[in-house]
Amino acid sequence: MMEILGRTNSVNVRKVAWCAAELGVPFTRSDWGRGFRPTSEPEFLALNPNATVPVIRDGDVVLYESHSIVRYLCAKHRPQWLGETPEAVGLISQWMDWSLSVLATPMSVVFQGKKVNPPPYTPEQVVAATARAKELWVMIARAMDEGTAPFGGEEFTAADFVIAPFMERYVTTIEPQFEAPVLDAWLSRCRARPAFHEHVTVPAP
Ligand SMILES: N[C@@H](CCC(=O)N[C@@H](CS)C(=O)NCC(=O)O)C(=O)O
């Protein structure tokens, strides 16, 4: 059976667990990472020398980087979720990469600034990151309103699994007053799914 290594309060672990559950892929999970078994242990470093969660072990396949794991799971079990035309593949991939390279940083600064004690960032850094995160969620909502976002639709794509867990975190712990009907509707649809409820809407640390 596939194994996920990583604590459930990590947004990156949540992405992978939700994707696997929606695909019907059975898995076990073990608590590694901050507050649990340290990823600096040699057993973990042998799987991921970057010492980050999540990692999966699926038979002989060992992978780290949450978005690569989501791509792998979709490619193996539901390749259409990666896009059915070259254009769709490009767009889904673009948003997945964007969410790691652009969205994840301010989200992480704000979240850790609010939740980690002592906060690893100054209040000024948290204020700046909050403003940046808000700009980015406005950008996401606009793309959804314009119909150019390859996520939040009737059918899943790989991009849903990596962006919706950030959205859940944004509206629950960062900006509960954020007003964007298109995001509210998407979040409601996600929350109605048992797998999202089980693997993403779990209590934050
Ligand atoms: N780009 C990586 C980032 C992984 C990452 O930074 N994971 C954090 C948790 S969200 C981590 O491992 N923190 C150290 C720890 O928990 O010990 C991915 O998407 O998997």
# chains A, B, ... in the order shown; residues from 1 in each chain; ligands from 1
>>> select_by_dssp(residues="stretch 31-118 of chain A", states="strand (DSSP E)", output="list in words")
Val55, Ile56, Arg57, Asp58, Val61, Val62, Leu63 and Tyr64 of chain A
>>> write_last_selection(atoms="N, CA and C atoms", output="PDB file, in the first residue's frame")
ATOM      1  N   VAL A  55       6.635  13.006   1.676  1.00  0.00           N
ATOM      2  CA  VAL A  55       7.331  12.034   0.831  1.00  0.00           C
ATOM      3  C   VAL A  55       6.339  10.891   0.646  1.00  0.00           C
ATOM      4  N   ILE A  56       6.349  10.282  -0.535  1.00  0.00           N
ATOM      5  CA  ILE A  56       5.554   9.049  -0.671  1.00  0.00           C
ATOM      6  C   ILE A  56       6.462   7.898  -1.038  1.00  0.00           C
ATOM      7  N   ARG A  57       6.011   6.720  -0.610  1.00  0.00           N
ATOM      8  CA  ARG A  57       6.647   5.469  -1.018  1.00  0.00           C
ATOM      9  C   ARG A  57       5.521   4.627  -1.602  1.00  0.00           C
ATOM     10  N   ASP A  58       5.642   4.316  -2.893  1.00  0.00           N
ATOM     11  CA  ASP A  58       4.598   3.571  -3.600  1.00  0.00           C
ATOM     12  C   ASP A  58       5.297   2.430  -4.326  1.00  0.00           C
ATOM     13  N   VAL A  61       8.691   3.194  -5.919  1.00  0.00           N
ATOM     14  CA  VAL A  61       8.738   4.625  -6.240  1.00  0.00           C
ATOM     15  C   VAL A  61       8.787   5.446  -4.949  1.00  0.00           C
ATOM     16  N   VAL A  62       9.795   6.301  -4.856  1.00  0.00           N
ATOM     17  CA  VAL A  62       9.897   7.235  -3.734  1.00  0.00           C
ATOM     18  C   VAL A  62       9.912   8.632  -4.334  1.00  0.00           C
ATOM     19  N   LEU A  63       9.021   9.505  -3.842  1.00  0.00           N
ATOM     20  CA  LEU A  63       8.955  10.869  -4.397  1.00  0.00           C
ATOM     21  C   LEU A  63       8.798  11.893  -3.288  1.00  0.00           C
ATOM     22  N   TYR A  64       9.409  13.044  -3.481  1.00  0.00           N
ATOM     23  CA  TYR A  64       9.115  14.207  -2.648  1.00  0.00           C
ATOM     24  C   TYR A  64       8.695  15.340  -3.569  1.00  0.00           C
TER      25      TYR A  64
END
>>> select_by_dssp(residues="stretch 54-196 of chain A", states="alpha helix (DSSP H)", output="MDAnalysis selection string")
chainID A and resid 66:77 86:98 104:115 123:146 158:169 181:191 194:196
>>> write_last_selection(atoms="C-alpha atoms", output="CSV table (one decimal), in the first residue's frame")
chain,number,residue,atom,x,y,z
A,66,SER,CA,4.0,17.7,-3.2
A,67,HIS,CA,3.1,18.9,-6.7
A,68,SER,CA,5.2,16.3,-8.3
A,69,ILE,CA,3.5,13.7,-6.2
A,70,VAL,CA,0.1,15.0,-7.2
A,71,ARG,CA,1.2,14.8,-10.9
A,72,TYR,CA,2.4,11.3,-10.4
A,73,LEU,CA,-0.8,10.1,-8.7
A,74,CYS,CA,-2.9,11.7,-11.5
A,75,ALA,CA,-0.7,10.3,-14.2
A,76,LYS,CA,-1.0,6.8,-12.7
A,77,HIS,CA,-4.7,6.8,-11.9
A,86,PRO,CA,-1.5,20.3,-24.7
A,87,GLU,CA,-3.1,23.7,-24.0
A,88,ALA,CA,-4.9,22.3,-20.9
A,89,VAL,CA,-1.7,20.5,-19.7
A,90,GLY,CA,0.2,23.7,-20.0
A,91,LEU,CA,-2.4,25.8,-18.2
A,92,ILE,CA,-2.9,23.3,-15.3
A,93,SER,CA,0.9,23.0,-15.0
A,94,GLN,CA,1.3,26.8,-15.0
A,95,TRP,CA,-1.0,27.3,-12.1
A,96,MET,CA,0.5,24.4,-10.2
A,97,ASP,CA,4.0,25.9,-10.6
A,98,TRP,CA,2.7,29.4,-9.9
A,104,ALA,CA,3.2,29.6,-1.3
A,105,THR,CA,5.8,32.1,0.1
A,106,PRO,CA,3.5,34.9,1.3
A,107,MET,CA,1.0,32.3,2.5
A,108,SER,CA,3.7,30.6,4.6
A,109,VAL,CA,5.0,33.9,6.1
A,110,VAL,CA,1.5,34.9,7.1
A,111,PHE,CA,0.5,31.5,8.5
A,112,GLN,CA,3.7,31.0,10.4
A,113,GLY,CA,3.6,34.6,11.6
A,114,LYS,CA,0.2,33.9,13.1
A,115,LYS,CA,0.5,30.4,14.3
A,123,PRO,CA,5.3,42.0,12.3
A,124,GLU,CA,6.3,44.1,9.3
A,125,GLN,CA,7.1,41.0,7.3
A,126,VAL,CA,3.7,39.5,8.2
A,127,VAL,CA,1.9,42.7,7.2
A,128,ALA,CA,3.6,42.8,3.9
A,129,ALA,CA,3.0,39.2,3.2
A,130,THR,CA,-0.7,39.5,4.2
A,131,ALA,CA,-1.1,42.3,1.6
A,132,ARG,CA,0.7,40.2,-1.1
A,133,ALA,CA,-1.4,37.1,-0.3
A,134,LYS,CA,-4.6,39.2,-0.7
A,135,GLU,CA,-3.4,40.5,-4.0
A,136,LEU,CA,-2.8,36.9,-5.2
A,137,TRP,CA,-6.2,35.7,-4.1
A,138,VAL,CA,-7.8,38.6,-5.9
A,139,MET,CA,-5.8,37.4,-9.0
A,140,ILE,CA,-7.1,33.9,-8.5
A,141,ALA,CA,-10.7,35.0,-8.1
A,142,ARG,CA,-10.5,37.2,-11.2
A,143,ALA,CA,-9.2,34.3,-13.3
A,144,MET,CA,-12.0,32.1,-12.0
A,145,ASP,CA,-14.6,34.8,-12.8
A,146,GLU,CA,-13.1,35.2,-16.3
A,158,ALA,CA,-4.5,18.4,-10.7
A,159,ALA,CA,-4.5,22.1,-10.0
A,160,ASP,CA,-7.5,21.8,-7.6
A,161,PHE,CA,-5.5,19.6,-5.3
A,162,VAL,CA,-2.7,22.0,-4.8
A,163,ILE,CA,-4.6,25.4,-4.7
A,164,ALA,CA,-7.8,24.5,-2.7
A,165,PRO,CA,-5.9,23.5,0.4
A,166,PHE,CA,-4.2,27.0,0.4
A,167,MET,CA,-7.6,28.5,-0.1
A,168,GLU,CA,-9.0,26.7,2.9
A,169,ARG,CA,-6.1,27.9,5.0
A,181,PRO,CA,-18.3,34.8,-4.2
A,182,VAL,CA,-16.4,32.6,-6.7
A,183,LEU,CA,-14.0,31.4,-4.0
A,184,ASP,CA,-16.8,30.9,-1.5
A,185,ALA,CA,-18.7,28.7,-4.0
A,186,TRP,CA,-15.5,26.7,-4.8
A,187,LEU,CA,-14.7,26.2,-1.1
A,188,SER,CA,-18.3,25.1,-0.4
A,189,ARG,CA,-18.1,22.5,-3.1
A,190,CYS,CA,-14.7,21.3,-1.8
A,191,ARG,CA,-16.0,21.2,1.8
A,194,PRO,CA,-15.8,13.8,2.4
A,195,ALA,CA,-12.2,13.4,1.3
A,196,PHE,CA,-11.5,17.2,1.6
>>> residues_near_ligand(ligand="ligand 1", cutoff="6 Å", atoms="only C-alpha atoms and all ligand atoms", output="list in words")
Ser10, Val11, Asn12, Gly33, Arg34, Thr39, Thr52, Val53, Pro54, Glu65, Ser66 and His67 of chain A
>>> write_last_selection(atoms="N, CA, C and O atoms", output="compact mmCIF listing (two decimals), in the first residue's frame")
# COMPACT_ATOMS: atom_id res chain seq x y z
N SER A 10 0.56 19.93 7.82
CA SER A 10 1.30 20.54 6.70
C SER A 10 0.37 20.67 5.50
O SER A 10 -0.25 19.69 5.08
N VAL A 11 0.29 21.86 4.94
CA VAL A 11 -0.59 22.06 3.78
C VAL A 11 -0.12 21.19 2.61
O VAL A 11 -0.93 20.71 1.82
N ASN A 12 1.19 20.95 2.51
CA ASN A 12 1.70 20.15 1.40
C ASN A 12 1.34 18.67 1.55
O ASN A 12 1.08 17.98 0.56
N GLY A 33 7.98 15.28 10.65
CA GLY A 33 8.06 16.73 10.47
C GLY A 33 7.91 17.45 11.78
O GLY A 33 7.78 16.84 12.84
N ARG A 34 7.92 18.78 11.69
CA ARG A 34 7.95 19.62 12.89
C ARG A 34 6.91 19.19 13.92
O ARG A 34 5.72 19.07 13.63
N THR A 39 12.61 15.12 10.58
CA THR A 39 13.00 14.73 9.22
C THR A 39 14.52 14.72 9.05
O THR A 39 15.02 14.38 7.99
N THR A 52 12.13 17.55 3.89
CA THR A 52 10.80 18.16 3.89
C THR A 52 9.73 17.08 3.70
O THR A 52 9.96 16.05 3.07
N VAL A 53 8.55 17.38 4.24
CA VAL A 53 7.38 16.54 4.00
C VAL A 53 6.48 17.26 3.00
O VAL A 53 6.51 18.49 2.93
N PRO A 54 5.73 16.51 2.20
CA PRO A 54 5.54 15.07 2.20
C PRO A 54 6.57 14.32 1.37
O PRO A 54 7.22 14.89 0.49
N GLU A 65 8.33 16.50 -3.01
CA GLU A 65 7.72 17.64 -3.70
C GLU A 65 6.24 17.34 -3.95
O GLU A 65 5.86 16.55 -4.81
N SER A 66 5.40 18.03 -3.16
CA SER A 66 3.97 17.72 -3.18
C SER A 66 3.35 17.80 -4.58
O SER A 66 2.53 16.95 -4.94
N HIS A 67 3.75 18.79 -5.38
CA HIS A 67 3.08 18.93 -6.68
C HIS A 67 3.53 17.83 -7.64
O HIS A 67 2.74 17.37 -8.47
>>> atom_distance(atom1="atom CA of A:Pro120", atom2="atom CA of A:Gly35")
15.7 Å
>>> atom_distance(atom1="atom CA of A:Glu179", atom2="atom CA of A:Val202")
22.8 Å
>>> residues_around(residues="A:Glu41", least_positions_apart="6", cutoff="12 Å", atoms="only C-alpha atoms", output="MDAnalysis selection string")
chainID A and resid 32:33 47:52
>>> write_last_selection(atoms="all heavy atoms", output="mmCIF file, in the first residue's frame")
data_model
loop_
_atom_site.group_PDB
_atom_site.id
_atom_site.type_symbol
_atom_site.label_atom_id
_atom_site.label_comp_id
_atom_site.auth_asym_id
_atom_site.auth_seq_id
_atom_site.Cartn_x
_atom_site.Cartn_y
_atom_site.Cartn_z
ATOM 1 N N TRP A 32 5.684 12.566 10.322
ATOM 2 C CA TRP A 32 7.056 13.082 10.281
ATOM 3 C C TRP A 32 6.979 14.592 10.132
ATOM 4 O O TRP A 32 6.047 15.106 9.513
ATOM 5 C CB TRP A 32 7.823 12.530 9.072
ATOM 6 C CG TRP A 32 8.187 11.091 9.135
ATOM 7 C CD1 TRP A 32 7.427 10.033 8.744
ATOM 8 C CD2 TRP A 32 9.429 10.551 9.600
ATOM 9 N NE1 TRP A 32 8.108 8.862 8.921
ATOM 10 C CE2 TRP A 32 9.339 9.142 9.450
ATOM 11 C CE3 TRP A 32 10.599 11.094 10.130
ATOM 12 C CZ2 TRP A 32 10.380 8.285 9.793
ATOM 13 C CZ3 TRP A 32 11.634 10.247 10.468
ATOM 14 C CH2 TRP A 32 11.529 8.857 10.312
ATOM 15 N N GLY A 33 7.982 15.280 10.649
ATOM 16 C CA GLY A 33 8.060 16.726 10.467
ATOM 17 C C GLY A 33 7.906 17.450 11.782
ATOM 18 O O GLY A 33 7.777 16.836 12.844
ATOM 19 N N LEU A 47 15.304 9.085 2.105
ATOM 20 C CA LEU A 47 14.197 9.200 1.146
ATOM 21 C C LEU A 47 14.133 10.591 0.540
ATOM 22 O O LEU A 47 13.796 10.766 -0.623
ATOM 23 C CB LEU A 47 12.861 8.891 1.845
ATOM 24 C CG LEU A 47 12.744 7.510 2.488
ATOM 25 C CD1 LEU A 47 11.429 7.398 3.257
ATOM 26 C CD2 LEU A 47 12.835 6.416 1.429
ATOM 27 N N ASN A 48 14.401 11.592 1.369
ATOM 28 C CA ASN A 48 14.369 12.981 0.892
ATOM 29 C C ASN A 48 15.480 13.778 1.566
ATOM 30 O O ASN A 48 15.330 14.221 2.708
ATOM 31 C CB ASN A 48 13.005 13.622 1.191
ATOM 32 C CG ASN A 48 12.947 15.066 0.723
ATOM 33 O OD1 ASN A 48 13.893 15.568 0.089
ATOM 34 N ND2 ASN A 48 11.862 15.736 1.039
ATOM 35 N N PRO A 49 16.581 13.979 0.867
ATOM 36 C CA PRO A 49 17.716 14.697 1.468
ATOM 37 C C PRO A 49 17.408 16.161 1.786
ATOM 38 O O PRO A 49 18.183 16.826 2.476
ATOM 39 C CB PRO A 49 18.810 14.594 0.400
ATOM 40 C CG PRO A 49 18.123 14.218 -0.856
ATOM 41 C CD PRO A 49 16.857 13.513 -0.488
ATOM 42 N N ASN A 50 16.252 16.662 1.296
ATOM 43 C CA ASN A 50 15.843 18.033 1.628
ATOM 44 C C ASN A 50 15.165 18.121 2.992
ATOM 45 O O ASN A 50 14.865 19.220 3.459
ATOM 46 C CB ASN A 50 14.869 18.561 0.566
ATOM 47 C CG ASN A 50 15.467 18.500 -0.816
ATOM 48 O OD1 ASN A 50 16.357 19.279 -1.140
ATOM 49 N ND2 ASN A 50 15.008 17.560 -1.628
ATOM 50 N N ALA A 51 14.867 16.971 3.585
ATOM 51 C CA ALA A 51 14.259 16.916 4.924
ATOM 52 C C ALA A 51 12.895 17.593 4.982
ATOM 53 O O ALA A 51 12.538 18.183 5.995
ATOM 54 C CB ALA A 51 15.202 17.512 5.981
ATOM 55 N N THR A 52 12.132 17.549 3.888
ATOM 56 C CA THR A 52 10.795 18.158 3.893
ATOM 57 C C THR A 52 9.726 17.083 3.704
ATOM 58 O O THR A 52 9.962 16.048 3.070
ATOM 59 C CB THR A 52 10.651 19.199 2.765
ATOM 60 O OG1 THR A 52 10.985 18.586 1.516
ATOM 61 C CG2 THR A 52 11.513 20.421 3.005
#
>>> closest_residue(among="A:Tyr170, A:Tyr121, A:Phe178, A:Trp81", to="A:Glu155", atoms="only C-alpha atoms")
A:Trp81
>>> decode(residues="stretch 37-53 of chain A", atoms="all heavy atoms", output="compact mmCIF listing (two decimals), in the first residue's frame")
# COMPACT_ATOMS: atom_id res chain seq x y z
N ARG A 37 8.20 13.07 14.39
CA ARG A 37 9.54 12.51 14.15
C ARG A 37 10.34 13.47 13.28
O ARG A 37 9.86 13.88 12.20
CB ARG A 37 9.46 11.15 13.46
CG ARG A 37 9.21 10.02 14.41
CD ARG A 37 9.24 8.69 13.69
NE ARG A 37 10.61 8.21 13.46
CZ ARG A 37 10.88 7.05 12.91
NH1 ARG A 37 9.91 6.23 12.52
NH2 ARG A 37 12.15 6.68 12.72
N PRO A 38 11.55 13.80 13.70
CA PRO A 38 12.31 14.80 12.93
C PRO A 38 12.76 14.26 11.57
O PRO A 38 13.23 13.13 11.45
CB PRO A 38 13.53 15.10 13.82
CG PRO A 38 13.46 14.20 14.99
CD PRO A 38 12.20 13.38 14.93
N THR A 39 12.61 15.12 10.58
CA THR A 39 13.00 14.73 9.22
C THR A 39 14.52 14.72 9.05
O THR A 39 15.02 14.38 7.99
CB THR A 39 12.38 15.69 8.19
OG1 THR A 39 12.74 17.04 8.57
CG2 THR A 39 10.88 15.57 8.15
N SER A 40 15.23 15.10 10.12
CA SER A 40 16.70 15.02 10.07
C SER A 40 17.20 13.61 10.38
O SER A 40 18.40 13.34 10.28
CB SER A 40 17.31 16.01 11.09
OG SER A 40 16.75 15.75 12.36
N GLU A 41 16.28 12.70 10.71
CA GLU A 41 16.73 11.32 10.97
C GLU A 41 17.23 10.68 9.67
O GLU A 41 16.64 10.88 8.61
CB GLU A 41 15.56 10.48 11.53
CG GLU A 41 15.27 10.76 12.98
CD GLU A 41 14.22 9.81 13.56
OE1 GLU A 41 13.94 8.75 12.96
OE2 GLU A 41 13.67 10.18 14.63
N PRO A 42 18.31 9.89 9.78
CA PRO A 42 18.88 9.29 8.57
C PRO A 42 17.87 8.49 7.75
O PRO A 42 17.89 8.53 6.53
CB PRO A 42 19.98 8.37 9.12
CG PRO A 42 20.33 8.96 10.45
CD PRO A 42 19.08 9.60 10.99
N GLU A 43 16.94 7.84 8.43
CA GLU A 43 15.93 7.04 7.72
C GLU A 43 15.10 7.93 6.78
O GLU A 43 14.76 7.53 5.66
CB GLU A 43 15.01 6.39 8.77
CG GLU A 43 13.96 5.48 8.19
CD GLU A 43 12.94 5.03 9.25
OE1 GLU A 43 13.27 5.00 10.45
OE2 GLU A 43 11.80 4.73 8.85
N PHE A 44 14.80 9.15 7.24
CA PHE A 44 14.02 10.06 6.40
C PHE A 44 14.90 10.69 5.32
O PHE A 44 14.50 10.78 4.14
CB PHE A 44 13.37 11.16 7.26
CG PHE A 44 12.34 11.96 6.50
CD1 PHE A 44 11.00 11.59 6.51
CD2 PHE A 44 12.72 13.06 5.74
CE1 PHE A 44 10.06 12.31 5.79
CE2 PHE A 44 11.78 13.78 5.02
CZ PHE A 44 10.45 13.41 5.05
N LEU A 45 16.09 11.11 5.72
CA LEU A 45 16.98 11.77 4.75
C LEU A 45 17.34 10.85 3.58
O LEU A 45 17.60 11.31 2.48
CB LEU A 45 18.26 12.25 5.45
CG LEU A 45 18.07 13.41 6.43
CD1 LEU A 45 19.39 13.74 7.12
CD2 LEU A 45 17.52 14.64 5.71
N ALA A 46 17.30 9.55 3.85
CA ALA A 46 17.60 8.60 2.77
C ALA A 46 16.50 8.66 1.70
O ALA A 46 16.75 8.35 0.53
CB ALA A 46 17.70 7.18 3.34
N LEU A 47 15.30 9.08 2.11
CA LEU A 47 14.20 9.20 1.15
C LEU A 47 14.13 10.59 0.54
O LEU A 47 13.80 10.77 -0.62
CB LEU A 47 12.86 8.89 1.84
CG LEU A 47 12.74 7.51 2.49
CD1 LEU A 47 11.43 7.40 3.26
CD2 LEU A 47 12.83 6.42 1.43
N ASN A 48 14.40 11.59 1.37
CA ASN A 48 14.37 12.98 0.89
C ASN A 48 15.48 13.78 1.57
O ASN A 48 15.33 14.22 2.71
CB ASN A 48 13.00 13.62 1.19
CG ASN A 48 12.95 15.07 0.72
OD1 ASN A 48 13.89 15.57 0.09
ND2 ASN A 48 11.86 15.74 1.04
N PRO A 49 16.58 13.98 0.87
CA PRO A 49 17.72 14.70 1.47
C PRO A 49 17.41 16.16 1.79
O PRO A 49 18.18 16.83 2.48
CB PRO A 49 18.81 14.59 0.40
CG PRO A 49 18.12 14.22 -0.86
CD PRO A 49 16.86 13.51 -0.49
N ASN A 50 16.25 16.66 1.30
CA ASN A 50 15.84 18.03 1.63
C ASN A 50 15.17 18.12 2.99
O ASN A 50 14.86 19.22 3.46
CB ASN A 50 14.87 18.56 0.57
CG ASN A 50 15.47 18.50 -0.82
OD1 ASN A 50 16.36 19.28 -1.14
ND2 ASN A 50 15.01 17.56 -1.63
N ALA A 51 14.87 16.97 3.58
CA ALA A 51 14.26 16.92 4.92
C ALA A 51 12.90 17.59 4.98
O ALA A 51 12.54 18.18 6.00
CB ALA A 51 15.20 17.51 5.98
N THR A 52 12.13 17.55 3.89
CA THR A 52 10.80 18.16 3.89
C THR A 52 9.73 17.08 3.70
O THR A 52 9.96 16.05 3.07
CB THR A 52 10.65 19.20 2.77
OG1 THR A 52 10.99 18.59 1.52
CG2 THR A 52 11.51 20.42 3.00
N VAL A 53 8.55 17.38 4.24
CA VAL A 53 7.38 16.54 4.00
C VAL A 53 6.48 17.26 3.00
O VAL A 53 6.51 18.49 2.93
CB VAL A 53 6.61 16.27 5.32
CG1 VAL A 53 7.46 15.46 6.26
CG2 VAL A 53 6.14 17.56 6.00
